[in-house]
Amino acid sequence: MSTNLFSGARKALVASIAAAVLLGGVTVVTTPYAAASTVAAVSVSAKINAFTNTDWLNGVWRTGAGFSIPATSANRTAFVAGVSVRLADGQVRKISRAQIVGSNMSIFLEGAKLDGNKVGAPQVVTIGSTAVTAPITSTAPVTAPTTVAAHSTSINAFTNTDWLNGVWRKSPGFSIPASAANKAAFKVGASAKLADGQVRKVTQVQVVGANMSVYLEGAAVNGSVVGAPNKLSLATTSTTSPAPTAPTTSVIATSNLNNYTNTHWLNGMFRTAAGFSIQASSTNVAAFKAGALVKLADGQTRKVLRTQLVGSNMSVFLDGAVINGTTLGYPKTISVVSTSTSTPSSPALTTPPVEAAPAPAPTAPDTTNGKPLLVGVNLSGAGFGPSVVPGKHGTNYTYPAESYYKKYSDLGMPLVRLPFLWERIQPKLNSPLNAEEFARLKQSLDFAQKHNVKVILDLHNYYRYYGKLIGSNEVPISSFAAVWKQIVQQVVNHPAVEGYGLMNEPHSTNGLWPQAALAAAQAIRTVDSQRWIYVAGDRWSSAFHWPHYNTQLVTNPWMRDPKNNLVYEAHMYVDKDFSGNYFDKAEKFDPMIGVNRVKPFVDWLKQNKLRGYIGEHGVPDFSPSAIVATDNLLAYLRQNCIPSTYWAAGPWWGEYAMSLDVSSGKYRPQLPVLQKHAKAANSCTSVGPL
């Protein structure tokens, strides 16, 4: 940590919606849920921000129903989830969520994406004093039809960062027991009746272990109102609803499915979500886009949620339940169709995850009741071979298999720091992310989600890109900020992401790290306003040396603002040179050495009223005194509500003395101490110490 040795033996394997300007307009109107198809008189109007780039067209989001407006106090008060917005072309949509981004705010609506040429800047809305007619949108019921309950079930009573009383926080989804009766009743297309009387159609069902997640059309629902201990009912309606028959279609493009089967795919169909793999021909790339309708071999029609290029192939993910690869996979074909009838739209930006998080076990030390995860591990592999970049996957580096996520979730440590290298995720500066590499990272997140693990994405580059310093002519700070923005744009809606580790162990930065950290953090906040941003310290992030090297890190007030959800990341090893190499196998350690070495960092956090995290700490298996010191360290961190991730775990470690995973499978004496503190009770309500 204190010398270049820090990146030597210990890490030989590892270390080797943008802002806006204004014009145009939308108008907020209010409408109660049970009202008829009129809305109240205009109360507030706002101009749409006039900007156009790859994400926005005249202030309207290109890939979903969203727009950007100034974040004035009047707009913040008026444009809130649940109210209706009248656009320039006269249509009325309900707001699904609002997000503050600096001096602007992004407003996301129900329904299909908007046309920025029609409703964006410089269009102006007419503000009237009389009620306006609102077209009934396909994503939310306007009148609650008379219903007869056909089947009811209890809702799983669990609350964490993703769920509130068994209701998904980000879109209308519920978790219920996966009983045979529930599986038979809650199917795609069925109508579900909520505790407050409203009726919604089921759009997707996902079985996760002993539970199942049921997703509904429309805006997110309030878990405080309709969640446990209330019940979710299956309902039949006395009102006429659109016939569930397939619309008249014409084929736009047809593709063969890829003929491969492994642990993830069955005849080209993804085993755990509604997805398939086809060749990434120019025709397929043009036709199979988000929002398109796809016709399967059995005649059913599904909407494309997202696509992902992986080398010469592409993965296409659909709404609805998992598809049976035995009956619908290769050698069947799949087609993109156009339709002459309207189909229900999926809510913009609130599409449920590919695989929903299961209800946590009652004894799991997770984020239930707002308590942060305090003990986790570094799952290495993707950061191996830094001297061979980009390198070859499976030869120079690897990503941890699903078994590692399951192992540490089962051990009660469902927090993972995942190192990866900039040169692999973006082999050429300022270019798009490498699709094949990003697919590997995304698969890791999917594994984590499956086992209820939270992941800190760690750019493991020591403030360098191909050996060149960030801030140099070859690697501008703007490029560092830009790659983080691209990464976050790809994962912002993934429920496994706990936060973003800006840079592993910056050192010899020529004093530019504070500027680079600010730029990257602010770039992330244009995309994700919620998740933690982990800001490492200069001088290898040494906790002991922190106050002498990192005072400039918080000179800018933005870096001290608690609303920005920043967490400062330090590392700590107890050997005599602070490096973590543990060259002297006979070295004896004071029981409080770990506490004493992190205390300067913790005191600095308290002095500046900031949050902290120990991203790396580790001791060798041959030193009982070092393991005692770790026990005391973790107790001290828990007292201050400071999370930590142990170095290291994961594949390819051989018999590395600090690893929790060795090829021989022998007993690891470090593990019981980590488990002890992972399971220990704590009174923390958030990351500390503040």
# chains A, B, ... in the order shown; residues from 1 in each chain; ligands from 1
>>> residues_around(residues="Leu610 of chain A", least_positions_apart="4", cutoff="12 Å", atoms="only C-alpha atoms", output="ChimeraX atom specification")
/A:534-535,553-554,559-569,601-606,640-642,686-690
>>> write_last_selection(atoms="N, CA and C atoms", output="CSV table (one decimal), in the first residue's frame")
chain,number,residue,atom,x,y,z
A,534,TYR,N,-18.1,5.2,-4.8
A,534,TYR,CA,-17.0,5.0,-3.9
A,534,TYR,C,-15.7,5.7,-4.4
A,535,VAL,N,-15.2,6.7,-3.6
A,535,VAL,CA,-14.1,7.5,-4.0
A,535,VAL,C,-12.9,7.1,-3.2
A,553,LEU,N,-9.1,16.2,-1.7
A,553,LEU,CA,-10.2,15.4,-2.3
A,553,LEU,C,-11.6,16.0,-2.0
A,554,VAL,N,-11.7,16.7,-0.9
A,554,VAL,CA,-13.0,17.3,-0.5
A,554,VAL,C,-13.0,18.8,-0.5
A,559,MET,N,-18.2,17.5,-3.3
A,559,MET,CA,-17.6,16.2,-2.8
A,559,MET,C,-17.9,16.0,-1.3
A,560,ARG,N,-18.5,17.0,-0.6
A,560,ARG,CA,-18.9,16.9,0.8
A,560,ARG,C,-20.4,16.9,1.0
A,561,ASP,N,-21.1,17.0,-0.1
A,561,ASP,CA,-22.6,17.1,0.0
A,561,ASP,C,-23.2,15.8,0.3
A,562,PRO,N,-23.8,15.6,1.4
A,562,PRO,CA,-24.4,14.2,1.7
A,562,PRO,C,-25.4,13.8,0.7
A,563,LYS,N,-26.1,14.7,0.0
A,563,LYS,CA,-27.1,14.3,-0.9
A,563,LYS,C,-26.5,13.6,-2.1
A,564,ASN,N,-25.2,13.7,-2.3
A,564,ASN,CA,-24.6,13.1,-3.5
A,564,ASN,C,-24.2,11.6,-3.2
A,565,ASN,N,-24.5,11.1,-2.0
A,565,ASN,CA,-24.3,9.7,-1.7
A,565,ASN,C,-22.8,9.2,-2.1
A,566,LEU,N,-21.9,9.9,-1.6
A,566,LEU,CA,-20.5,9.6,-1.8
A,566,LEU,C,-20.0,8.8,-0.6
A,567,VAL,N,-19.1,7.8,-0.9
A,567,VAL,CA,-18.5,7.0,0.2
A,567,VAL,C,-17.0,7.0,-0.1
A,568,TYR,N,-16.2,7.3,0.9
A,568,TYR,CA,-14.7,7.4,0.7
A,568,TYR,C,-14.1,6.0,1.0
A,569,GLU,N,-13.3,5.5,0.1
A,569,GLU,CA,-12.8,4.2,0.2
A,569,GLU,C,-11.3,4.2,0.5
A,601,PHE,N,-8.1,7.4,9.2
A,601,PHE,CA,-9.1,7.5,8.1
A,601,PHE,C,-10.5,7.7,8.8
A,602,VAL,N,-10.8,7.0,9.8
A,602,VAL,CA,-12.1,7.1,10.4
A,602,VAL,C,-12.3,8.5,11.1
A,603,ASP,N,-11.2,8.9,11.8
A,603,ASP,CA,-11.3,10.2,12.4
A,603,ASP,C,-11.5,11.3,11.4
A,604,TRP,N,-10.8,11.2,10.2
A,604,TRP,CA,-11.0,12.2,9.1
A,604,TRP,C,-12.4,12.2,8.6
A,605,LEU,N,-13.0,11.0,8.5
A,605,LEU,CA,-14.4,10.9,8.1
A,605,LEU,C,-15.3,11.6,9.1
A,606,LYS,N,-15.1,11.4,10.4
A,606,LYS,CA,-15.9,12.0,11.4
A,606,LYS,C,-15.7,13.5,11.4
A,640,ASN,N,-18.7,1.8,13.9
A,640,ASN,CA,-18.8,3.0,13.2
A,640,ASN,C,-19.6,2.9,11.9
A,641,CYS,N,-20.2,1.8,11.7
A,641,CYS,CA,-21.1,1.5,10.5
A,641,CYS,C,-20.3,1.7,9.2
A,642,ILE,N,-19.1,1.2,9.2
A,642,ILE,CA,-18.2,1.3,8.0
A,642,ILE,C,-18.1,-0.1,7.4
A,686,SER,N,-27.4,3.3,8.0
A,686,SER,CA,-26.8,3.6,6.7
A,686,SER,C,-25.3,3.5,6.8
A,687,VAL,N,-24.6,3.7,5.7
A,687,VAL,CA,-23.1,3.7,5.8
A,687,VAL,C,-22.7,4.9,6.6
A,688,GLY,N,-21.7,4.7,7.5
A,688,GLY,CA,-21.2,5.7,8.4
A,688,GLY,C,-19.8,6.1,8.1
A,689,PRO,N,-19.2,6.8,9.1
A,689,PRO,CA,-19.8,7.2,10.4
A,689,PRO,C,-20.6,8.5,10.4
A,690,LEU,N,-20.4,9.4,9.4
A,690,LEU,CA,-21.1,10.7,9.4
A,690,LEU,C,-21.0,11.3,10.7
>>> residues_around(residues="Ser96 of chain A", least_positions_apart="2", cutoff="10 Å", atoms="only C-alpha atoms", output="PDB file with N, CA and C atoms, in the first residue's frame")
ATOM      1  N   ALA A  65     -40.253   6.913 -22.577  1.00  0.00           N
ATOM      2  CA  ALA A  65     -41.148   8.055 -22.399  1.00  0.00           C
ATOM      3  C   ALA A  65     -40.614   8.960 -21.300  1.00  0.00           C
ATOM      4  N   GLY A  66     -39.750   9.894 -21.658  1.00  0.00           N
ATOM      5  CA  GLY A  66     -39.166  10.791 -20.669  1.00  0.00           C
ATOM      6  C   GLY A  66     -38.777  12.106 -21.291  1.00  0.00           C
ATOM      7  N   VAL A  80     -44.480  15.185  -9.953  1.00  0.00           N
ATOM      8  CA  VAL A  80     -44.182  14.075  -9.051  1.00  0.00           C
ATOM      9  C   VAL A  80     -44.901  12.835  -9.545  1.00  0.00           C
ATOM     10  N   ALA A  81     -44.418  11.679  -9.111  1.00  0.00           N
ATOM     11  CA  ALA A  81     -45.006  10.409  -9.538  1.00  0.00           C
ATOM     12  C   ALA A  81     -46.491  10.368  -9.209  1.00  0.00           C
ATOM     13  N   GLY A  82     -47.282   9.946 -10.188  1.00  0.00           N
ATOM     14  CA  GLY A  82     -48.713   9.793  -9.977  1.00  0.00           C
ATOM     15  C   GLY A  82     -49.559  10.856 -10.634  1.00  0.00           C
ATOM     16  N   VAL A  83     -48.988  12.064 -10.869  1.00  0.00           N
ATOM     17  CA  VAL A  83     -49.776  13.097 -11.538  1.00  0.00           C
ATOM     18  C   VAL A  83     -49.692  12.892 -13.043  1.00  0.00           C
ATOM     19  N   SER A  84     -50.603  13.548 -13.778  1.00  0.00           N
ATOM     20  CA  SER A  84     -50.651  13.383 -15.222  1.00  0.00           C
ATOM     21  C   SER A  84     -50.087  14.601 -15.927  1.00  0.00           C
ATOM     22  N   ARG A  93     -50.330  11.687 -20.139  1.00  0.00           N
ATOM     23  CA  ARG A  93     -49.641  10.516 -19.590  1.00  0.00           C
ATOM     24  C   ARG A  93     -49.420  10.710 -18.091  1.00  0.00           C
ATOM     25  N   LYS A  94     -49.358   9.605 -17.362  1.00  0.00           N
ATOM     26  CA  LYS A  94     -49.085   9.666 -15.933  1.00  0.00           C
ATOM     27  C   LYS A  94     -47.584   9.563 -15.681  1.00  0.00           C
ATOM     28  N   ALA A  98     -39.707  10.783 -11.128  1.00  0.00           N
ATOM     29  CA  ALA A  98     -38.960  12.008 -11.427  1.00  0.00           C
ATOM     30  C   ALA A  98     -37.585  11.887 -10.798  1.00  0.00           C
ATOM     31  N   ILE A 107     -38.189  13.624 -16.144  1.00  0.00           N
ATOM     32  CA  ILE A 107     -39.526  13.145 -15.832  1.00  0.00           C
ATOM     33  C   ILE A 107     -39.814  11.946 -16.730  1.00  0.00           C
ATOM     34  N   PHE A 108     -40.167  10.812 -16.141  1.00  0.00           N
ATOM     35  CA  PHE A 108     -40.453   9.606 -16.906  1.00  0.00           C
ATOM     36  C   PHE A 108     -41.938   9.279 -16.795  1.00  0.00           C
ATOM     37  N   LEU A 109     -42.516   8.916 -17.935  1.00  0.00           N
ATOM     38  CA  LEU A 109     -43.950   8.703 -18.035  1.00  0.00           C
ATOM     39  C   LEU A 109     -44.274   7.245 -18.323  1.00  0.00           C
ATOM     40  N   GLU A 110     -45.532   6.881 -18.108  1.00  0.00           N
ATOM     41  CA  GLU A 110     -46.018   5.580 -18.540  1.00  0.00           C
ATOM     42  C   GLU A 110     -46.147   5.566 -20.057  1.00  0.00           C
ATOM     43  N   GLY A 111     -46.193   4.354 -20.615  1.00  0.00           N
ATOM     44  CA  GLY A 111     -46.474   4.235 -22.026  1.00  0.00           C
ATOM     45  C   GLY A 111     -45.248   4.192 -22.904  1.00  0.00           C
ATOM     46  N   LYS A 170     -39.415  -0.159  -7.731  1.00  0.00           N
ATOM     47  CA  LYS A 170     -39.163   0.597  -8.956  1.00  0.00           C
ATOM     48  C   LYS A 170     -40.219   0.425 -10.041  1.00  0.00           C
ATOM     49  N   SER A 171     -41.012  -0.615  -9.967  1.00  0.00           N
ATOM     50  CA  SER A 171     -42.103  -0.787 -10.921  1.00  0.00           C
ATOM     51  C   SER A 171     -43.134  -1.706 -10.284  1.00  0.00           C
ATOM     52  N   GLY A 218     -48.652  -0.605 -15.867  1.00  0.00           N
ATOM     53  CA  GLY A 218     -48.895   0.654 -15.171  1.00  0.00           C
ATOM     54  C   GLY A 218     -47.717   1.123 -14.351  1.00  0.00           C
ATOM     55  N   ALA A 219     -47.959   2.144 -13.544  1.00  0.00           N
ATOM     56  CA  ALA A 219     -46.909   2.759 -12.737  1.00  0.00           C
ATOM     57  C   ALA A 219     -46.603   1.927 -11.496  1.00  0.00           C
ATOM     58  N   ALA A 220     -45.484   2.260 -10.838  1.00  0.00           N
ATOM     59  CA  ALA A 220     -45.124   1.593  -9.591  1.00  0.00           C
ATOM     60  C   ALA A 220     -46.221   1.787  -8.553  1.00  0.00           C
ATOM     61  N   VAL A 221     -46.376   0.809  -7.670  1.00  0.00           N
ATOM     62  CA  VAL A 221     -47.398   0.885  -6.632  1.00  0.00           C
ATOM     63  C   VAL A 221     -46.744   1.044  -5.273  1.00  0.00           C
ATOM     64  N   PRO A 347     -44.056   0.135 -19.048  1.00  0.00           N
ATOM     65  CA  PRO A 347     -43.684   1.444 -18.515  1.00  0.00           C
ATOM     66  C   PRO A 347     -42.236   1.777 -18.813  1.00  0.00           C
ATOM     67  N   ALA A 348     -41.998   3.012 -19.228  1.00  0.00           N
ATOM     68  CA  ALA A 348     -40.634   3.430 -19.533  1.00  0.00           C
ATOM     69  C   ALA A 348     -39.770   3.430 -18.287  1.00  0.00           C
ATOM     70  N   LEU A 349     -38.601   2.890 -18.423  1.00  0.00           N
ATOM     71  CA  LEU A 349     -37.573   2.902 -17.389  1.00  0.00           C
ATOM     72  C   LEU A 349     -37.964   2.155 -16.124  1.00  0.00           C
ATOM     73  N   THR A 350     -39.093   1.443 -16.157  1.00  0.00           N
ATOM     74  CA  THR A 350     -39.457   0.691 -14.961  1.00  0.00           C
ATOM     75  C   THR A 350     -39.590  -0.790 -15.268  1.00  0.00           C
TER      76      THR A 350
END
>>> select_by_dssp(residues="segment 438-502 of chain A", states="strand (DSSP E or B)", output="list of chain:residue names")
A:Lys454, A:Val455, A:Ile456, A:Leu457, A:Asp458, A:Leu459, A:Arg464, A:Tyr465, A:Lys468, A:Leu469, A:Val497, A:Glu498, A:Gly499, A:Tyr500, A:Gly501
>>> write_last_selection(atoms="N, CA and C atoms", output="compact mmCIF listing (two decimals), in the first residue's frame")
# COMPACT_ATOMS: atom_id res chain seq x y z
N LYS A 454 -25.13 -8.02 -3.53
CA LYS A 454 -24.92 -6.66 -4.02
C LYS A 454 -23.47 -6.49 -4.47
N VAL A 455 -23.26 -5.78 -5.57
CA VAL A 455 -21.95 -5.69 -6.19
C VAL A 455 -21.48 -4.24 -6.28
N ILE A 456 -20.24 -4.01 -5.86
CA ILE A 456 -19.56 -2.74 -6.07
C ILE A 456 -18.64 -2.93 -7.28
N LEU A 457 -18.91 -2.20 -8.35
CA LEU A 457 -18.09 -2.30 -9.56
C LEU A 457 -16.81 -1.50 -9.36
N ASP A 458 -15.67 -2.17 -9.46
CA ASP A 458 -14.37 -1.57 -9.12
C ASP A 458 -13.48 -1.47 -10.35
N LEU A 459 -13.25 -0.26 -10.84
CA LEU A 459 -12.33 -0.04 -11.96
C LEU A 459 -10.91 -0.14 -11.41
N ARG A 464 -4.47 4.65 -14.06
CA ARG A 464 -3.76 4.54 -15.33
C ARG A 464 -4.61 3.82 -16.37
N TYR A 465 -4.29 4.07 -17.64
CA TYR A 465 -4.93 3.41 -18.77
C TYR A 465 -3.84 3.06 -19.77
N LYS A 468 -0.63 4.80 -18.96
CA LYS A 468 -0.58 6.26 -19.03
C LYS A 468 -1.46 6.87 -17.95
N LEU A 469 -0.94 7.91 -17.29
CA LEU A 469 -1.68 8.55 -16.21
C LEU A 469 -2.95 9.23 -16.71
N VAL A 497 -26.51 -3.95 -8.56
CA VAL A 497 -25.46 -2.94 -8.42
C VAL A 497 -25.64 -2.17 -7.12
N GLU A 498 -24.64 -2.27 -6.25
CA GLU A 498 -24.63 -1.52 -4.99
C GLU A 498 -24.03 -0.14 -5.20
N GLY A 499 -23.03 -0.03 -6.09
CA GLY A 499 -22.40 1.26 -6.32
C GLY A 499 -21.22 1.13 -7.26
N TYR A 500 -20.52 2.26 -7.42
CA TYR A 500 -19.47 2.38 -8.42
C TYR A 500 -18.16 2.82 -7.76
N GLY A 501 -17.15 1.93 -7.82
CA GLY A 501 -15.82 2.25 -7.30
C GLY A 501 -15.01 2.95 -8.37
>>> select_by_dssp(residues="segment 511-644 of chain A", states="alpha helix (DSSP H)", output="ChimeraX atom specification")
/A:513-525,546-549,593-608,624-639
>>> write_last_selection(atoms="N, CA and C atoms", output="compact mmCIF listing (two decimals), in the first residue's frame")
# COMPACT_ATOMS: atom_id res chain seq x y z
N TRP A 513 -5.82 13.59 -8.92
CA TRP A 513 -6.90 12.69 -8.54
C TRP A 513 -8.15 13.41 -8.05
N PRO A 514 -8.07 14.45 -7.21
CA PRO A 514 -9.31 15.12 -6.80
C PRO A 514 -10.13 15.64 -7.98
N GLN A 515 -9.46 16.20 -8.97
CA GLN A 515 -10.16 16.72 -10.15
C GLN A 515 -10.81 15.58 -10.94
N ALA A 516 -10.08 14.49 -11.10
CA ALA A 516 -10.60 13.35 -11.86
C ALA A 516 -11.77 12.69 -11.12
N ALA A 517 -11.64 12.55 -9.81
CA ALA A 517 -12.71 11.94 -9.02
C ALA A 517 -13.99 12.77 -9.11
N LEU A 518 -13.86 14.08 -9.03
CA LEU A 518 -15.02 14.97 -9.13
C LEU A 518 -15.69 14.82 -10.50
N ALA A 519 -14.88 14.81 -11.55
CA ALA A 519 -15.44 14.72 -12.91
C ALA A 519 -16.19 13.41 -13.11
N ALA A 520 -15.59 12.29 -12.66
CA ALA A 520 -16.24 11.00 -12.85
C ALA A 520 -17.50 10.88 -12.01
N ALA A 521 -17.44 11.34 -10.75
CA ALA A 521 -18.61 11.26 -9.88
C ALA A 521 -19.76 12.09 -10.43
N GLN A 522 -19.47 13.28 -10.92
CA GLN A 522 -20.53 14.12 -11.47
C GLN A 522 -21.09 13.53 -12.77
N ALA A 523 -20.24 12.88 -13.56
CA ALA A 523 -20.73 12.22 -14.77
C ALA A 523 -21.70 11.09 -14.42
N ILE A 524 -21.36 10.33 -13.39
CA ILE A 524 -22.24 9.25 -12.94
C ILE A 524 -23.58 9.81 -12.49
N ARG A 525 -23.55 10.92 -11.80
CA ARG A 525 -24.79 11.50 -11.26
C ARG A 525 -25.72 12.03 -12.35
N TRP A 546 -4.05 8.40 5.06
CA TRP A 546 -5.12 9.13 4.39
C TRP A 546 -5.11 10.64 4.65
N PRO A 547 -5.12 11.10 5.91
CA PRO A 547 -5.24 12.55 6.15
C PRO A 547 -4.09 13.37 5.56
N HIS A 548 -2.93 12.76 5.33
CA HIS A 548 -1.78 13.51 4.82
C HIS A 548 -1.79 13.62 3.30
N TYR A 549 -2.63 12.82 2.63
CA TYR A 549 -2.59 12.78 1.17
C TYR A 549 -3.92 13.13 0.51
N ILE A 593 -3.58 -3.49 15.98
CA ILE A 593 -2.89 -2.82 14.88
C ILE A 593 -3.85 -2.45 13.74
N GLY A 594 -4.83 -3.30 13.47
CA GLY A 594 -5.79 -2.99 12.43
C GLY A 594 -6.61 -1.75 12.77
N VAL A 595 -7.06 -1.69 14.01
CA VAL A 595 -7.82 -0.53 14.47
C VAL A 595 -6.96 0.72 14.37
N ASN A 596 -5.73 0.63 14.84
CA ASN A 596 -4.85 1.81 14.84
C ASN A 596 -4.54 2.29 13.42
N ARG A 597 -4.50 1.36 12.48
CA ARG A 597 -4.18 1.76 11.12
C ARG A 597 -5.37 2.35 10.35
N VAL A 598 -6.57 2.01 10.74
CA VAL A 598 -7.72 2.64 10.07
C VAL A 598 -8.22 3.87 10.81
N LYS A 599 -7.80 4.04 12.05
CA LYS A 599 -8.32 5.15 12.86
C LYS A 599 -8.06 6.52 12.24
N PRO A 600 -6.88 6.81 11.66
CA PRO A 600 -6.70 8.12 11.03
C PRO A 600 -7.75 8.39 9.94
N PHE A 601 -8.09 7.38 9.18
CA PHE A 601 -9.13 7.52 8.15
C PHE A 601 -10.50 7.75 8.78
N VAL A 602 -10.83 6.96 9.79
CA VAL A 602 -12.14 7.10 10.44
C VAL A 602 -12.27 8.45 11.12
N ASP A 603 -11.21 8.90 11.78
CA ASP A 603 -11.25 10.23 12.41
C ASP A 603 -11.45 11.32 11.37
N TRP A 604 -10.80 11.18 10.22
CA TRP A 604 -10.96 12.15 9.12
C TRP A 604 -12.40 12.16 8.62
N LEU A 605 -13.00 10.98 8.51
CA LEU A 605 -14.41 10.91 8.10
C LEU A 605 -15.31 11.64 9.08
N LYS A 606 -15.08 11.39 10.37
CA LYS A 606 -15.91 12.03 11.39
C LYS A 606 -15.73 13.54 11.39
N GLN A 607 -14.49 13.98 11.23
CA GLN A 607 -14.20 15.41 11.22
C GLN A 607 -14.91 16.11 10.07
N ASN A 608 -14.99 15.44 8.93
CA ASN A 608 -15.60 16.03 7.74
C ASN A 608 -17.05 15.60 7.52
N PRO A 624 -1.86 -16.38 13.24
CA PRO A 624 -2.97 -16.27 14.18
C PRO A 624 -3.11 -14.86 14.77
N SER A 625 -1.98 -14.18 15.01
CA SER A 625 -2.07 -12.84 15.61
C SER A 625 -2.70 -11.86 14.63
N ALA A 626 -2.47 -12.03 13.33
CA ALA A 626 -3.09 -11.15 12.34
C ALA A 626 -4.60 -11.39 12.28
N ILE A 627 -5.01 -12.62 12.48
CA ILE A 627 -6.44 -12.93 12.46
C ILE A 627 -7.13 -12.34 13.69
N VAL A 628 -6.47 -12.33 14.83
CA VAL A 628 -7.00 -11.64 16.02
C VAL A 628 -7.15 -10.15 15.73
N ALA A 629 -6.14 -9.58 15.08
CA ALA A 629 -6.21 -8.15 14.74
C ALA A 629 -7.38 -7.87 13.80
N THR A 630 -7.68 -8.81 12.91
CA THR A 630 -8.83 -8.65 12.00
C THR A 630 -10.14 -8.67 12.77
N ASP A 631 -10.22 -9.53 13.77
CA ASP A 631 -11.41 -9.60 14.62
C ASP A 631 -11.68 -8.24 15.27
N ASN A 632 -10.64 -7.64 15.84
CA ASN A 632 -10.80 -6.33 16.48
C ASN A 632 -11.10 -5.24 15.47
N LEU A 633 -10.48 -5.34 14.29
CA LEU A 633 -10.74 -4.36 13.24
C LEU A 633 -12.21 -4.35 12.84
N LEU A 634 -12.77 -5.52 12.58
CA LEU A 634 -14.15 -5.60 12.13
C LEU A 634 -15.13 -5.13 13.20
N ALA A 635 -14.80 -5.38 14.47
CA ALA A 635 -15.65 -4.87 15.55
C ALA A 635 -15.65 -3.34 15.55
N TYR A 636 -14.47 -2.75 15.36
CA TYR A 636 -14.35 -1.29 15.34
C TYR A 636 -15.10 -0.70 14.14
N LEU A 637 -14.97 -1.32 12.98
CA LEU A 637 -15.67 -0.83 11.79
C LEU A 637 -17.18 -0.94 11.98
N ARG A 638 -17.63 -2.03 12.58
CA ARG A 638 -19.07 -2.20 12.81
C ARG A 638 -19.60 -1.14 13.75
N GLN A 639 -18.83 -0.80 14.76
CA GLN A 639 -19.24 0.25 15.70
C GLN A 639 -19.44 1.59 14.99
>>> residues_around(residues="Pro70 of chain A", least_positions_apart="3", cutoff="7 Å", atoms="only C-alpha atoms", output="ChimeraX atom specification")
/A:49,103-105
>>> closest_atom_pairs(of="segment 373-455 of chain A", to="segment 658-671 of chain A", cutoff="12 Å", atoms="only C-alpha atoms", output="JSON lines")
{"residue": "A:Val375", "atom": "CA", "partner": "A:Leu671", "partner_atom": "CA", "distance": 11.2}
{"residue": "A:Gly376", "atom": "CA", "partner": "A:Leu671", "partner_atom": "CA", "distance": 10.9}
{"residue": "A:Val377", "atom": "CA", "partner": "A:Leu660", "partner_atom": "CA", "distance": 9.0}
{"residue": "A:Asn378", "atom": "CA", "partner": "A:Ser659", "partner_atom": "CA", "distance": 9.7}
{"residue": "A:Leu379", "atom": "CA", "partner": "A:Asp661", "partner_atom": "CA", "distance": 9.8}
{"residue": "A:Ser380", "atom": "CA", "partner": "A:Ser659", "partner_atom": "CA", "distance": 10.0}
{"residue": "A:Gly381", "atom": "CA", "partner": "A:Asp661", "partner_atom": "CA", "distance": 11.9}
{"residue": "A:Pro400", "atom": "CA", "partner": "A:Asp661", "partner_atom": "CA", "distance": 11.4}
{"residue": "A:Ser403", "atom": "CA", "partner": "A:Asp661", "partner_atom": "CA", "distance": 11.6}
{"residue": "A:Tyr404", "atom": "CA", "partner": "A:Asp661", "partner_atom": "CA", "distance": 9.2}
{"residue": "A:Lys407", "atom": "CA", "partner": "A:Asp661", "partner_atom": "CA", "distance": 10.4}
{"residue": "A:Tyr408", "atom": "CA", "partner": "A:Leu660", "partner_atom": "CA", "distance": 10.3}
{"residue": "A:Leu411", "atom": "CA", "partner": "A:Leu671", "partner_atom": "CA", "distance": 9.2}
{"residue": "A:Gly412", "atom": "CA", "partner": "A:Leu671", "partner_atom": "CA", "distance": 11.0}
{"residue": "A:Met413", "atom": "CA", "partner": "A:Leu671", "partner_atom": "CA", "distance": 10.4}
>>> atom_distance(atom1="atom CA of His545 of chain A", atom2="atom CA of Val416 of chain A")
25.2 Å
>>> closest_residue(among="A:Gln486, A:Asn75, A:Thr153, A:Gln123", to="Ala192 of chain A", atoms="only C-alpha atoms")
A:Thr153
>>> atom_distance(atom1="atom CA of Gln279 of chain A", atom2="atom CA of Val310 of chain A")
9.5 Å
